[in-house]
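Text of start_16.txt, listed as compact mmCIF, C-alpha atoms:
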# COMPACT_ATOMS: atom_id res chain seq x y z
CA ARG X 1365 3.39 65.28 34.68
CA LYS X 1366 6.44 65.30 36.91
CA GLU X 1367 5.84 64.89 40.60
CA VAL X 1368 7.86 67.99 41.41
CA GLU X 1369 8.49 70.81 38.99
CA GLN X 1370 10.66 73.88 39.14
CA ASP X 1371 11.59 76.58 36.69
CA PRO X 1372 15.24 75.79 35.88
CA GLY X 1373 16.09 79.46 35.34
CA PRO X 1374 18.67 80.85 35.36
CA PHE X 1375 17.47 83.80 37.35
CA ASN X 1376 20.00 86.59 36.95
CA VAL X 1377 19.43 89.27 39.54
CA PRO X 1378 21.49 92.23 40.76
CA GLU X 1379 22.86 92.35 44.27
CA GLY X 1380 20.29 93.60 46.71
CA ALA X 1381 17.32 92.43 44.68
CA THR X 1382 14.49 90.29 45.96
CA VAL X 1383 13.85 87.07 44.08
CA ALA X 1384 11.28 84.33 44.48
CA PHE X 1385 11.09 80.76 43.23
CA ASN X 1386 8.14 78.45 43.14
CA CYS X 1387 8.01 74.70 43.14
CA THR X 1388 4.84 72.79 42.29
CA TYR X 1389 4.04 69.25 43.33
CA SER X 1390 1.43 66.95 41.90
CA ASN X 1391 0.69 64.51 44.71
CA SER X 1392 -1.72 65.90 47.27
CA ALA X 1393 -0.52 63.28 49.76
CA SER X 1394 2.85 65.00 49.99
CA GLN X 1395 3.56 65.69 53.61
CA SER X 1396 6.85 67.47 54.08
CA PHE X 1397 8.72 70.05 52.09
CA PHE X 1398 12.23 71.43 52.12
CA TRP X 1399 14.46 73.78 50.23
CA TYR X 1400 18.04 72.71 49.60
CA ARG X 1401 20.86 74.69 48.13
CA GLN X 1402 23.42 73.06 45.83
CA ASP X 1403 26.61 74.74 44.75
CA CYS X 1404 28.28 73.61 41.56
CA ARG X 1405 29.81 70.15 41.92
CA LYS X 1406 28.88 69.93 45.57
CA GLU X 1407 26.27 68.02 47.50
CA PRO X 1408 22.92 69.63 48.40
CA LYS X 1409 22.72 71.34 51.77
CA LEU X 1410 19.54 71.91 53.68
CA LEU X 1411 18.48 75.52 53.50
CA MET X 1412 15.20 75.38 55.36
CA SER X 1413 12.11 73.35 56.03
CA VAL X 1414 8.79 74.63 54.77
CA TYR X 1415 5.94 74.79 57.23
CA SER X 1416 2.27 75.34 56.54
CA SER X 1417 2.34 78.58 58.49
CA GLY X 1418 5.35 79.81 56.54
CA ASN X 1419 8.74 80.35 58.04
CA GLU X 1420 11.51 82.87 57.87
CA ASP X 1421 15.23 82.58 58.43
CA GLY X 1422 17.04 85.85 58.00
CA ARG X 1423 16.70 86.93 54.39
CA PHE X 1424 14.95 83.71 53.40
CA THR X 1425 11.23 83.07 53.61
CA ALA X 1426 9.57 79.80 52.71
CA GLN X 1427 5.87 79.26 52.25
CA LEU X 1428 3.56 76.38 51.49
CA ASN X 1429 0.28 76.60 49.66
CA ARG X 1430 -1.44 73.23 49.98
CA ALA X 1431 -4.55 74.31 48.10
CA SER X 1432 -2.55 75.16 45.00
CA GLN X 1433 0.14 72.58 45.72
CA TYR X 1434 3.22 74.68 45.59
CA ILE X 1435 5.98 75.92 47.83
CA SER X 1436 7.92 79.12 47.45
CA LEU X 1437 11.26 80.53 48.48
CA LEU X 1438 11.81 84.26 48.76
CA ILE X 1439 15.29 85.71 49.05
CA ARG X 1440 15.59 89.35 50.06
CA ASP X 1441 18.63 91.56 49.63
CA SER X 1442 20.40 89.03 47.41
CA LYS X 1443 24.12 88.53 47.97
CA LEU X 1444 26.69 87.27 45.52
CA SER X 1445 27.10 84.25 47.78
CA ASP X 1446 23.47 83.32 47.20
CA SER X 1447 24.38 82.22 43.67
CA ALA X 1448 23.58 78.52 43.56
CA THR X 1449 20.95 76.07 42.45
CA TYR X 1450 17.95 75.83 44.77
CA LEU X 1451 16.25 72.46 44.94
CA CYS X 1452 12.85 71.85 46.38
CA VAL X 1453 12.23 68.50 47.99
CA VAL X 1454 8.88 66.88 48.51
CA ILE X 1455 8.38 63.93 50.81
CA ARG X 1456 5.48 61.53 51.16
CA GLY X 1457 4.77 57.97 52.15
CA GLY X 1458 6.01 58.16 55.69
CA TYR X 1459 9.29 59.67 54.56
CA GLN X 1460 9.98 56.80 52.25
CA LYS X 1461 9.34 58.66 49.01
CA VAL X 1462 11.67 61.61 48.52
CA THR X 1463 11.51 63.57 45.30
CA PHE X 1464 13.77 66.42 44.25
CA GLY X 1465 12.86 69.14 41.84
CA THR X 1466 15.24 69.80 39.00
CA GLY X 1467 16.45 72.94 40.72
CA THR X 1468 16.34 76.63 39.94
CA LYS X 1469 19.64 78.29 39.19
CA LEU X 1470 20.20 81.70 40.72
CA GLN X 1471 23.00 83.99 39.63
CA VAL X 1472 23.44 87.17 41.62
CA ILE X 1473 25.43 89.71 39.67
CA PRO X 1474 27.36 92.70 41.02
CA GLY Z 916 24.31 69.88 61.64
CA ALA Z 917 24.81 66.19 61.33
CA VAL Z 918 27.69 64.95 59.20
CA VAL Z 919 27.61 62.30 56.55
CA SER Z 920 30.78 61.10 54.89
CA GLN Z 921 31.32 59.25 51.64
CA HIS Z 922 34.30 57.35 50.44
CA PRO Z 923 35.90 57.52 47.98
CA SER Z 924 35.27 61.00 46.64
CA TRP Z 925 36.67 60.15 43.20
CA VAL Z 926 36.82 56.86 41.34
CA ILE Z 927 38.20 56.18 37.89
CA CYS Z 928 37.90 52.61 36.76
CA LYS Z 929 37.91 50.41 33.71
CA SER Z 930 34.73 49.18 32.16
CA GLY Z 931 33.62 45.89 33.65
CA THR Z 932 35.01 46.44 37.12
CA SER Z 933 32.95 46.83 40.27
CA VAL Z 934 33.08 49.89 42.47
CA LYS Z 935 32.03 50.14 46.09
CA ILE Z 936 31.01 53.44 47.64
CA GLU Z 937 30.63 53.85 51.40
CA CYS Z 938 28.27 56.23 53.15
CA ARG Z 939 28.61 56.85 56.87
CA SER Z 940 26.63 58.93 59.30
CA LEU Z 941 29.28 60.22 61.68
CA ASP Z 942 27.43 61.55 64.66
CA PHE Z 943 23.97 60.05 64.49
CA GLN Z 944 22.27 56.78 63.77
CA ALA Z 945 20.45 56.60 60.49
CA THR Z 946 17.83 53.93 60.13
CA THR Z 947 17.24 55.11 56.58
CA MET Z 948 19.77 56.12 53.99
CA PHE Z 949 19.14 57.18 50.42
CA TRP Z 950 21.26 56.82 47.31
CA TYR Z 951 21.02 59.37 44.52
CA ARG Z 952 22.62 59.80 41.16
CA GLN Z 953 23.11 63.11 39.42
CA PHE Z 954 24.13 63.50 35.81
CA PRO Z 955 25.58 66.84 34.67
CA LYS Z 956 23.07 69.67 34.69
CA GLN Z 957 20.31 67.39 35.90
CA SER Z 958 18.56 66.97 39.20
CA LEU Z 959 19.25 64.39 41.81
CA MET Z 960 17.50 61.16 40.99
CA LEU Z 961 16.68 58.81 43.80
CA MET Z 962 18.02 55.35 43.09
CA ALA Z 963 17.08 53.47 46.21
CA THR Z 964 16.06 53.75 49.81
CA SER Z 965 18.06 51.69 52.23
CA ASN Z 966 16.76 50.62 55.61
CA GLU Z 967 19.08 49.13 58.18
CA GLY Z 968 18.75 45.39 58.38
CA SER Z 969 16.43 44.97 55.43
CA LYS Z 970 16.54 44.93 51.66
CA ALA Z 971 16.74 48.22 49.86
CA THR Z 972 13.79 49.58 47.94
CA TYR Z 973 14.77 50.48 44.40
CA GLU Z 974 13.16 53.13 42.25
CA GLN Z 975 11.64 52.18 38.95
CA GLY Z 976 14.26 51.69 36.26
CA VAL Z 977 17.13 51.07 38.68
CA GLU Z 978 18.57 47.58 38.38
CA LYS Z 979 18.97 46.08 41.82
CA ASP Z 980 21.42 43.46 40.59
CA LYS Z 981 23.64 46.14 39.16
CA PHE Z 982 23.49 48.55 42.07
CA LEU Z 983 23.92 46.48 45.18
CA ILE Z 984 23.06 48.21 48.43
CA ASN Z 985 23.97 46.97 51.86
CA HIS Z 986 22.88 48.79 55.01
CA ALA Z 987 24.51 46.60 57.59
CA SER Z 988 24.57 49.02 60.49
CA LEU Z 989 22.90 52.20 61.65
CA THR Z 990 25.87 54.25 60.50
CA LEU Z 991 26.98 52.58 57.28
CA SER Z 992 25.44 51.91 53.91
CA THR Z 993 27.35 50.79 50.83
CA LEU Z 994 26.53 51.01 47.15
CA THR Z 995 28.34 48.67 44.80
CA VAL Z 996 28.17 49.41 41.10
CA THR Z 997 28.77 46.02 39.54
CA SER Z 998 30.34 45.64 36.12
CA ALA Z 999 30.45 49.38 35.64
CA HIS Z 1000 30.14 50.81 32.15
CA PRO Z 1001 30.81 54.31 30.83
CA GLU Z 1002 27.12 55.19 31.05
CA ASP Z 1003 27.35 54.61 34.81
CA SER Z 1004 29.70 57.57 35.08
CA SER Z 1005 27.94 60.02 37.32
CA PHE Z 1006 27.92 61.80 40.66
CA TYR Z 1007 26.59 59.46 43.34
CA ILE Z 1008 25.34 61.05 46.54
CA CYS Z 1009 24.08 59.36 49.65
CA SER Z 1010 22.00 60.91 52.35
CA ALA Z 1011 21.06 59.83 55.81
CA ARG Z 1012 17.94 60.69 57.61
CA GLU Z 1013 18.18 61.92 61.16
CA GLY Z 1014 14.96 61.53 63.01
CA ILE Z 1015 14.75 62.90 66.50
CA SER Z 1016 11.56 62.07 68.28
CA GLY Z 1017 9.11 64.95 68.08
CA THR Z 1018 10.90 66.76 65.29
CA THR Z 1019 10.70 66.72 61.52
CA PRO Z 1020 13.26 64.30 60.11
CA THR Z 1021 16.09 65.96 58.26
CA GLN Z 1022 18.18 64.55 55.47
CA TYR Z 1023 21.88 65.18 55.46
CA PHE Z 1024 23.93 64.55 52.37
CA GLY Z 1025 27.33 63.10 51.90
CA PRO Z 1026 29.81 65.03 49.78
CA GLY Z 1027 29.26 62.72 46.82
CA THR Z 1028 31.40 60.33 44.83
CA ARG Z 1029 32.35 61.09 41.25
CA LEU Z 1030 32.59 57.91 39.23
CA LEU Z 1031 34.25 57.88 35.84
CA VAL Z 1032 34.20 54.63 33.94
CA LEU Z 1033 36.59 54.43 31.03

Do you think you could lay out the structure here as structure tokens?
Amino acid sequence: RKEVEQDPGPFNVPEGATVAFNCTYSNSASQSFFWYRQDCRKEPKLLMSVYSSGNEDGRFTAQLNRASQYISLLIRDSKLSDSATYLCVVIRGGYQKVTFGTGTKLQVIP
Amino acid sequence: GAVVSQHPSWVICKSGTSVKIECRSLDFQATTMFWYRQFPKQSLMLMATSNEGSKATYEQGVEKDKFLINHASLTLSTLTVTSAHPEDSSFYICSAREGISGTTPTQYFGPGTRLLVL
């Protein structure tokens, strides 16, 4: 089983829709979690950290479920500019072990 | 946010040559830098973790004698692909970890280096 798994998609959603992605992790010792966004042929950029209590940044909400070992990203009111691949990142081992998910591709259509 | 640069952004070379890629943290000191490789339509794969002043830690399956990493200062890490072959053609991305006391460390990525080995 992979350490971090994501549904590769693509998720094709209309503008204005709400879409959610999950990312599961297998190692219960994982300690920190992030969502990154990667545009085609570009480097990943940090979208948001994921805290146990959940956190929100504008239209984006991230949540962590330690019991079920997954993190989620919710995007409300999707914009065309949200089209990208969303990577979840799981960190353990004192920040020495960083694992990326394979990414979920989102395509927002007019 | 913090800025990480990589140089060069594109490399085309002949098979058998060595290629050096530089990764610099421009406005912060990074005790730890990471090197990733990404093949088309695949996820980032961590190659090695580089700590300033010590030997890099390589992931399983990554040949340390082929991918030489030097993290000589708190702002510079280099990756040298020795005797590159066509199968080494990939997108190489470095990242640097910014850790401010009392906050969650954040990784910032360089823009990546596209390597094409002919």

Show which residues sit within 9 Å of Tyr973 of chain Z, as a list of chain:residue names. Count all atoms listed in the file, and ignore same-chain residues fewer than 4 positions away.
Z:Leu961, Z:Met962, Z:Ala963, Z:Thr964, Z:Ser965, Z:Val977, Z:Glu978, Z:Lys979

Any idea which chain Z residues end up within 12 Å of chain X if we count all atoms listed in the file, as a PyMOL selection string please?
chain Z and resi 916-921+924+946-966+971-974+1005-1014+1018-1029

One number please: atom CA of Thr1425 of chain X to atom CA of Cys1452 of chain X, in Å, one decimal.
13.4 Å

Could you check how far atom CA of Ser933 of chain Z sits from atom CA of Leu989 of chain Z, in Å to one decimal?
24.2 Å

Give me the residues within 7 Å of Ile1473 of chain X as a PyMOL selection string, counting all atoms listed in the file and dropping any in the same chain fewer than 6 places off.
chain X and resi 1376-1379+1444

Write out, as a compact mmCIF listing (two decimals), keeping the file's coordinate frame, the residues just selected, with C-alpha atoms.
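For reference, selection14.txt as written:
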# COMPACT_ATOMS: atom_id res chain seq x y z
CA ASN X 1376 20.00 86.59 36.95
CA VAL X 1377 19.43 89.27 39.54
CA PRO X 1378 21.49 92.23 40.76
CA GLU X 1379 22.86 92.35 44.27
CA LEU X 1444 26.69 87.27 45.52

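One finds atom CA of Glu1369 of chain X at 15.0 Å from atom CA of Arg1430 of chain X.
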
Point out the residue among X:Ile1455, X:Ala1384, X:Leu1470, X:Tyr1389 with the least atom-to-atom distance to Phe1424 of chain X, counting all atoms listed in the file.
X:Ala1384

Find the smallest box with edges along x, y and z containing every listed atom of segment 994-1008 of chain Z, then add 4 Å on each side and report centre and edge lengths in Å to one decimal, as AutoDock Vina command-line options.
--center_x 28.1 --center_y 53.7 --center_z 39.0 --size_x 13.5 --size_y 24.2 --size_z 24.3
